[in-house]
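Structure data (compact mmCIF, C-alpha atoms) from run.txt:
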# COMPACT_ATOMS: atom_id res chain seq x y z
CA GLU A 294 100.55 -104.40 61.03
CA LEU A 295 103.04 -101.69 61.89
CA LYS A 296 102.34 -100.00 65.22
CA VAL A 297 104.01 -96.81 66.36
CA GLU A 298 103.60 -95.84 69.99
CA GLN A 299 104.64 -92.63 71.66
CA ASN A 300 104.87 -91.82 75.28
CA PRO A 301 103.97 -89.85 77.09
CA LEU A 302 100.83 -88.72 75.27
CA PHE A 303 100.78 -85.49 77.21
CA LEU A 304 103.66 -83.71 78.88
CA SER A 305 103.48 -80.59 80.97
CA MET A 306 106.92 -79.31 81.84
CA GLN A 307 108.43 -76.28 83.40
CA GLU A 308 110.61 -73.89 81.45
CA GLY A 309 114.27 -74.72 81.84
CA LYS A 310 113.75 -78.43 82.48
CA ASN A 311 114.85 -81.37 80.37
CA TYR A 312 112.68 -84.23 79.19
CA THR A 313 112.53 -87.06 76.66
CA ILE A 314 109.72 -88.27 74.41
CA TYR A 315 109.85 -91.89 73.35
CA CYS A 316 108.74 -93.49 70.11
CA ASN A 317 108.57 -97.28 69.82
CA TYR A 318 107.68 -99.12 66.65
CA SER A 319 106.84 -102.72 65.96
CA THR A 320 108.61 -103.68 62.75
CA THR A 321 112.01 -103.36 61.17
CA SER A 322 112.70 -99.95 59.67
CA ASP A 323 115.85 -97.91 59.24
CA ARG A 324 114.09 -94.60 58.77
CA LEU A 325 112.20 -92.53 61.28
CA TYR A 326 110.75 -89.03 61.03
CA TRP A 327 109.81 -86.43 63.62
CA TYR A 328 107.21 -83.75 62.97
CA ARG A 329 105.91 -80.80 64.94
CA GLN A 330 102.34 -79.50 64.84
CA ASP A 331 101.24 -76.23 66.40
CA PRO A 332 97.56 -75.97 67.42
CA GLY A 333 95.31 -75.55 64.39
CA LYS A 334 98.27 -75.74 62.02
CA SER A 335 99.85 -78.24 59.69
CA LEU A 336 102.76 -80.59 60.32
CA GLU A 337 106.33 -79.39 59.95
CA SER A 338 109.22 -81.76 59.43
CA LEU A 339 111.81 -81.62 62.22
CA PHE A 340 114.17 -84.54 61.73
CA VAL A 341 114.80 -87.40 59.36
CA LEU A 342 116.80 -90.26 60.93
CA LEU A 343 118.14 -92.63 58.34
CA SER A 344 120.20 -95.28 60.10
CA ASN A 345 120.95 -96.98 63.37
CA GLY A 346 122.70 -94.63 65.74
CA ALA A 347 121.64 -91.52 63.82
CA VAL A 348 121.51 -88.37 65.93
CA LYS A 349 120.22 -85.00 64.79
CA GLN A 350 120.08 -81.75 66.75
CA GLU A 351 118.30 -78.47 66.14
CA GLY A 352 118.36 -75.90 68.88
CA ARG A 353 116.97 -77.40 72.08
CA LEU A 354 115.77 -80.58 70.38
CA MET A 355 117.84 -83.68 69.76
CA ALA A 356 116.54 -86.85 68.11
CA SER A 357 118.17 -90.26 68.01
CA LEU A 358 117.41 -93.64 66.53
CA ASP A 359 118.17 -97.17 67.76
CA THR A 360 116.90 -99.53 65.08
CA LYS A 361 117.84 -102.64 67.05
CA ALA A 362 115.61 -101.58 69.93
CA ARG A 363 113.06 -100.08 67.49
CA LEU A 364 113.18 -96.91 69.51
CA SER A 365 113.63 -93.25 68.79
CA THR A 366 113.89 -90.49 71.36
CA LEU A 367 113.29 -86.76 71.13
CA HIS A 368 115.16 -85.00 73.91
CA ILE A 369 114.24 -81.49 74.97
CA THR A 370 116.92 -79.44 76.70
CA ALA A 371 116.06 -76.41 78.85
CA ALA A 372 112.52 -76.14 77.55
CA VAL A 373 111.08 -72.80 76.51
CA HIS A 374 107.45 -71.85 75.89
CA ASP A 375 107.98 -71.73 72.11
CA LEU A 376 108.45 -75.51 72.13
CA SER A 377 104.83 -76.04 73.18
CA ALA A 378 103.30 -78.11 70.36
CA THR A 379 102.36 -81.68 69.49
CA TYR A 380 105.23 -83.88 68.34
CA PHE A 381 104.71 -86.89 66.09
CA CYS A 382 107.08 -89.63 65.13
CA ALA A 383 106.50 -91.65 61.96
CA VAL A 384 108.03 -94.76 60.44
CA ASP A 385 108.03 -95.64 56.78
CA TYR A 386 106.77 -98.94 55.44
CA GLY A 387 105.26 -100.44 52.32
CA SER A 388 106.91 -102.48 49.62
CA SER A 389 108.84 -99.44 48.45
CA GLY A 390 108.87 -97.76 51.87
CA ASP A 391 106.89 -94.80 50.64
CA LYS A 392 104.12 -94.74 53.24
CA LEU A 393 104.38 -93.45 56.78
CA THR A 394 102.68 -94.72 59.92
CA PHE A 395 102.37 -92.01 62.55
CA GLY A 396 102.34 -92.27 66.30
CA THR A 397 99.43 -90.71 68.15
CA GLY A 398 101.50 -87.70 69.10
CA THR A 399 102.84 -86.17 72.31
CA ARG A 400 101.28 -82.90 73.32
CA LEU A 401 103.91 -80.77 75.03
CA ALA A 402 102.96 -77.80 77.18
CA VAL A 403 105.83 -75.73 78.58
CA ARG A 404 104.79 -73.56 81.47
CA PRO A 405 106.69 -70.66 83.09
CA ASN B 2 107.28 -71.93 45.98
CA ALA B 3 103.82 -72.41 47.48
CA GLY B 4 104.65 -75.98 48.60
CA VAL B 5 101.44 -77.96 49.16
CA THR B 6 98.15 -76.09 48.86
CA GLN B 7 94.68 -77.30 49.77
CA THR B 8 91.20 -75.96 49.16
CA PRO B 9 88.89 -75.31 50.86
CA LYS B 10 90.22 -74.49 54.35
CA PHE B 11 86.87 -75.10 56.02
CA GLN B 12 83.70 -76.88 54.91
CA VAL B 13 80.39 -77.82 56.50
CA LEU B 14 78.34 -80.52 54.79
CA LYS B 15 75.04 -82.14 55.53
CA THR B 16 74.88 -85.92 55.72
CA GLY B 17 74.62 -87.35 52.21
CA GLN B 18 76.15 -84.40 50.40
CA SER B 19 79.24 -84.83 48.27
CA MET B 20 82.34 -82.74 47.88
CA THR B 21 85.87 -82.79 46.54
CA LEU B 22 88.94 -81.63 48.41
CA GLN B 23 91.64 -80.27 46.16
CA CYS B 24 95.39 -80.54 46.66
CA ALA B 25 98.29 -79.30 44.56
CA GLN B 26 102.06 -79.30 45.00
CA ASP B 27 104.76 -77.44 43.14
CA MET B 28 107.79 -79.40 44.41
CA ASN B 29 107.83 -81.92 41.55
CA HIS B 30 107.24 -84.80 43.97
CA ASN B 31 106.10 -88.14 42.61
CA SER B 32 104.21 -89.27 45.71
CA MET B 33 101.09 -87.64 47.14
CA TYR B 34 98.95 -88.62 50.12
CA TRP B 35 95.66 -87.92 51.84
CA TYR B 36 95.39 -88.26 55.62
CA ARG B 37 92.75 -87.61 58.16
CA GLN B 38 93.50 -86.43 61.69
CA ASP B 39 91.15 -87.12 64.56
CA PRO B 40 91.75 -86.32 68.23
CA GLY B 41 93.84 -88.99 69.91
CA MET B 42 94.31 -90.95 66.67
CA GLY B 43 97.33 -89.32 65.08
CA LEU B 44 97.23 -89.21 61.30
CA ARG B 45 95.74 -92.06 59.33
CA LEU B 46 96.40 -92.62 55.65
CA ILE B 47 93.30 -92.62 53.46
CA TYR B 48 94.79 -92.98 49.96
CA TYR B 49 98.09 -92.37 48.34
CA SER B 50 99.56 -92.08 44.88
CA ALA B 51 103.12 -93.19 44.23
CA SER B 52 103.18 -91.59 40.79
CA GLU B 53 100.96 -89.95 38.22
CA GLY B 54 98.31 -92.40 37.10
CA THR B 55 98.48 -94.69 40.13
CA THR B 56 96.52 -94.67 43.37
CA ASP B 57 96.25 -97.10 46.24
CA LYS B 58 94.28 -97.54 49.42
CA GLY B 59 95.67 -96.66 52.80
CA GLU B 60 94.45 -97.57 56.26
CA VAL B 61 90.98 -95.96 56.15
CA PRO B 62 89.76 -95.72 52.50
CA ASN B 63 86.07 -96.51 52.97
CA GLY B 64 83.77 -93.67 51.91
CA TYR B 65 86.45 -91.89 49.86
CA ASN B 66 87.72 -91.83 46.31
CA VAL B 67 90.76 -90.12 44.84
CA SER B 68 92.01 -88.88 41.51
CA ARG B 69 95.60 -88.15 40.59
CA LEU B 70 94.85 -85.64 37.89
CA ASN B 71 98.47 -85.02 36.95
CA LYS B 72 101.78 -84.89 38.75
CA ARG B 73 100.81 -81.75 40.64
CA GLU B 74 97.23 -82.46 41.68
CA PHE B 75 95.59 -85.10 43.87
CA SER B 76 91.95 -84.75 44.84
CA LEU B 77 89.87 -86.51 47.49
CA ARG B 78 86.15 -87.03 46.98
CA LEU B 79 83.49 -87.81 49.53
CA GLU B 80 80.55 -89.22 47.59
CA SER B 81 78.01 -89.29 50.42
CA ALA B 82 79.31 -87.59 53.52
CA ALA B 83 78.67 -89.10 56.95
CA PRO B 84 79.17 -87.57 60.41
CA SER B 85 82.03 -90.07 60.98
CA GLN B 86 83.94 -88.23 58.27
CA THR B 87 84.09 -85.07 60.38
CA SER B 88 87.83 -84.55 60.65
CA VAL B 89 90.79 -82.48 59.57
CA TYR B 90 92.15 -83.62 56.22
CA PHE B 91 95.76 -83.15 55.24
CA CYS B 92 97.31 -83.59 51.86
CA ALA B 93 101.03 -84.28 51.64
CA SER B 94 103.58 -84.80 48.94
CA GLY B 95 106.76 -86.72 49.35
CA LEU B 96 110.27 -87.38 48.24
CA SER B 97 111.34 -90.73 46.95
CA LEU B 98 114.47 -92.71 47.75
CA PRO B 99 116.68 -92.55 49.67
CA PHE B 100 114.07 -91.45 52.16
CA TYR B 101 110.43 -90.53 52.23
CA GLU B 102 110.09 -87.22 53.99
CA GLN B 103 106.63 -85.78 53.45
CA TYR B 104 105.53 -82.16 53.22
CA PHE B 105 102.07 -81.25 54.39
CA GLY B 106 99.43 -78.81 53.23
CA PRO B 107 97.58 -76.48 55.62
CA GLY B 108 94.62 -78.84 56.06
CA THR B 109 90.86 -78.76 55.48
CA ARG B 110 88.59 -78.76 58.50
CA LEU B 111 85.44 -80.66 57.53
CA THR B 112 82.28 -80.91 59.61
CA VAL B 113 79.44 -83.20 58.57
CA THR B 114 76.14 -82.55 60.35

Show this structure as structure tokens.
Amino acid sequence: ELKVEQNPLFLSMQEGKNYTIYCNYSTTSDRLYWYRQDPGKSLESLFVLLSNGAVKQEGRLMASLDTKARLSTLHITAAVHDLSATYFCAVDYGSSGDKLTFGTGTRLAVRP
Amino acid sequence: NAGVTQTPKFQVLKTGQSMTLQCAQDMNHNSMYWYRQDPGMGLRLIYYSASEGTTDKGEVPNGYNVSRLNKREFSLRLESAAPSQTSVYFCASGLSLPFYEQYFGPGTRLTVT
């Protein structure tokens, strides 16, 4: 059974600080996805990481993938309040790879 | 493009009642999915459909049925609602190879009393 674990589950950080969210998964996969969810809203795709060593950046967020370690990181640089949300990682599986298993999410609160 | 749409947005049912959640996508995706989201549990796959005419169980299918009516529409039915089915339900549609990015609808908040 594929397990996807995120940590921390909750992160309160000050504006301007840096931090990293970790996503570990238990089986071989070359593809990992990051999503953002604002309170009461749906999920929005942030990054699709397709191979070992992949790195994607958008604004203050940077995601990377190490398939050998089965680890992805989401790094936040100089946090701002607008980044407050819950972040999910997901890994695809299934015989054709068309299903996703999601982590439990990291709730990020950026305070002034 | 509307993307993925879901109806209704909110619903309150009594135990034992039935209802169908509707989902439609206009992105010409082959794959469609139903998830439920509960606090602290992330998203869990209920059913999915890899293409029109096919459906398959996900992680938590008990108490649900689905219909892939055509390429655009994928409905989720609760035959006899139970309080344990109180949750937020998301429909998603997805790309195929080379990767499986999914696009989510706005969700249906269901309460079963």

- Message: For a quick test of understanding: name the residues of chain A lying within 12 Å of chain B when counting all atoms listed in the file, and present them as a ChimeraX atom specification.
- Response: /A:294-299,302-303,322-344,379-400

Could you please take those selected residues and save C-alpha atoms as a PDB file, in the frame of the given file?
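Generated file (again30.pdb):
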ATOM      1  CA  GLU A 294     100.550-104.400  61.030  1.00  0.00           C
ATOM      2  CA  LEU A 295     103.040-101.690  61.890  1.00  0.00           C
ATOM      3  CA  LYS A 296     102.340-100.000  65.220  1.00  0.00           C
ATOM      4  CA  VAL A 297     104.010 -96.810  66.360  1.00  0.00           C
ATOM      5  CA  GLU A 298     103.600 -95.840  69.990  1.00  0.00           C
ATOM      6  CA  GLN A 299     104.640 -92.630  71.660  1.00  0.00           C
ATOM      7  CA  LEU A 302     100.830 -88.720  75.270  1.00  0.00           C
ATOM      8  CA  PHE A 303     100.780 -85.490  77.210  1.00  0.00           C
ATOM      9  CA  SER A 322     112.700 -99.950  59.670  1.00  0.00           C
ATOM     10  CA  ASP A 323     115.850 -97.910  59.240  1.00  0.00           C
ATOM     11  CA  ARG A 324     114.090 -94.600  58.770  1.00  0.00           C
ATOM     12  CA  LEU A 325     112.200 -92.530  61.280  1.00  0.00           C
ATOM     13  CA  TYR A 326     110.750 -89.030  61.030  1.00  0.00           C
ATOM     14  CA  TRP A 327     109.810 -86.430  63.620  1.00  0.00           C
ATOM     15  CA  TYR A 328     107.210 -83.750  62.970  1.00  0.00           C
ATOM     16  CA  ARG A 329     105.910 -80.800  64.940  1.00  0.00           C
ATOM     17  CA  GLN A 330     102.340 -79.500  64.840  1.00  0.00           C
ATOM     18  CA  ASP A 331     101.240 -76.230  66.400  1.00  0.00           C
ATOM     19  CA  PRO A 332      97.560 -75.970  67.420  1.00  0.00           C
ATOM     20  CA  GLY A 333      95.310 -75.550  64.390  1.00  0.00           C
ATOM     21  CA  LYS A 334      98.270 -75.740  62.020  1.00  0.00           C
ATOM     22  CA  SER A 335      99.850 -78.240  59.690  1.00  0.00           C
ATOM     23  CA  LEU A 336     102.760 -80.590  60.320  1.00  0.00           C
ATOM     24  CA  GLU A 337     106.330 -79.390  59.950  1.00  0.00           C
ATOM     25  CA  SER A 338     109.220 -81.760  59.430  1.00  0.00           C
ATOM     26  CA  LEU A 339     111.810 -81.620  62.220  1.00  0.00           C
ATOM     27  CA  PHE A 340     114.170 -84.540  61.730  1.00  0.00           C
ATOM     28  CA  VAL A 341     114.800 -87.400  59.360  1.00  0.00           C
ATOM     29  CA  LEU A 342     116.800 -90.260  60.930  1.00  0.00           C
ATOM     30  CA  LEU A 343     118.140 -92.630  58.340  1.00  0.00           C
ATOM     31  CA  SER A 344     120.200 -95.280  60.100  1.00  0.00           C
ATOM     32  CA  THR A 379     102.360 -81.680  69.490  1.00  0.00           C
ATOM     33  CA  TYR A 380     105.230 -83.880  68.340  1.00  0.00           C
ATOM     34  CA  PHE A 381     104.710 -86.890  66.090  1.00  0.00           C
ATOM     35  CA  CYS A 382     107.080 -89.630  65.130  1.00  0.00           C
ATOM     36  CA  ALA A 383     106.500 -91.650  61.960  1.00  0.00           C
ATOM     37  CA  VAL A 384     108.030 -94.760  60.440  1.00  0.00           C
ATOM     38  CA  ASP A 385     108.030 -95.640  56.780  1.00  0.00           C
ATOM     39  CA  TYR A 386     106.770 -98.940  55.440  1.00  0.00           C
ATOM     40  CA  GLY A 387     105.260-100.440  52.320  1.00  0.00           C
ATOM     41  CA  SER A 388     106.910-102.480  49.620  1.00  0.00           C
ATOM     42  CA  SER A 389     108.840 -99.440  48.450  1.00  0.00           C
ATOM     43  CA  GLY A 390     108.870 -97.760  51.870  1.00  0.00           C
ATOM     44  CA  ASP A 391     106.890 -94.800  50.640  1.00  0.00           C
ATOM     45  CA  LYS A 392     104.120 -94.740  53.240  1.00  0.00           C
ATOM     46  CA  LEU A 393     104.380 -93.450  56.780  1.00  0.00           C
ATOM     47  CA  THR A 394     102.680 -94.720  59.920  1.00  0.00           C
ATOM     48  CA  PHE A 395     102.370 -92.010  62.550  1.00  0.00           C
ATOM     49  CA  GLY A 396     102.340 -92.270  66.300  1.00  0.00           C
ATOM     50  CA  THR A 397      99.430 -90.710  68.150  1.00  0.00           C
ATOM     51  CA  GLY A 398     101.500 -87.700  69.100  1.00  0.00           C
ATOM     52  CA  THR A 399     102.840 -86.170  72.310  1.00  0.00           C
ATOM     53  CA  ARG A 400     101.280 -82.900  73.320  1.00  0.00           C
TER      54      ARG A 400
END

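Of note, CA of Phe11 in chain B and CA of Asn63 in chain B are spaced 21.6 Å apart.
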
Please write as a compact mmCIF listing (two decimals) with C-alpha atoms, in the frame of the given file the list of polymer residues whose atoms come within 12 Å of (80.2, -92.0, 62.0), counting all atoms listed in the file and keeping to the coordinates of the file.
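Everything below was put into out31.txt:
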# COMPACT_ATOMS: atom_id res chain seq x y z
CA THR B 16 74.88 -85.92 55.72
CA ASN B 63 86.07 -96.51 52.97
CA GLY B 64 83.77 -93.67 51.91
CA ALA B 82 79.31 -87.59 53.52
CA ALA B 83 78.67 -89.10 56.95
CA PRO B 84 79.17 -87.57 60.41
CA SER B 85 82.03 -90.07 60.98
CA GLN B 86 83.94 -88.23 58.27
CA THR B 87 84.09 -85.07 60.38
CA SER B 88 87.83 -84.55 60.65
CA THR B 112 82.28 -80.91 59.61
CA VAL B 113 79.44 -83.20 58.57
CA THR B 114 76.14 -82.55 60.35

- Message: Using Å and a single decimal, report how far CA of Ser319 in chain A sits from CA of Met306 in chain A.
- Response: 28.3 Å

- Message: With distances taken over only C-alpha atoms, which residue among B:Thr6, B:Ser68, B:Thr55, B:Ser81 lies nearest Met28 in chain B?
- Response: B:Thr6

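For the choices B:Val61, B:Val67, B:Val5, B:Ile47, the atom-to-atom distance to Glu80 in chain B is smallest for B:Val67 when using only C-alpha atoms.
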
- What lies within 8 Å of Val348 in chain A using all atoms listed in the file, ignoring chain neighbours under 3 positions off, as an MDAnalysis selection string? chainID A and resid 342 355:358

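Closest to Asn300 in chain A among A:Ser377, A:Thr320, A:Ser365, A:Thr370 is A:Ser365, based on all atoms listed in the file.
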
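Among the candidates A:Ala372, A:Ala362, A:Ile314, A:Leu304, the one nearest to Leu401 in chain A when counting only C-alpha atoms is A:Leu304.
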
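CA of Asn66 in chain B is positioned 6.7 Å from CA of Leu79 in chain B.
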
Could you give me the axis-aligned bounding box of range 305-322 of chain A, with 6 Å of padding per side, as centre plus edge lengths in Å to one decimal, as JSON?
{"center_x": 109.2, "center_y": -88.8, "center_z": 71.5, "size_x": 23.4, "size_y": 41.8, "size_z": 35.7}

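The nearest approach to Lys361 in chain A among the residues A:Lys349, A:Thr321, A:Arg404, A:Tyr315, with all atoms listed in the file taken into account, belongs to A:Thr321.
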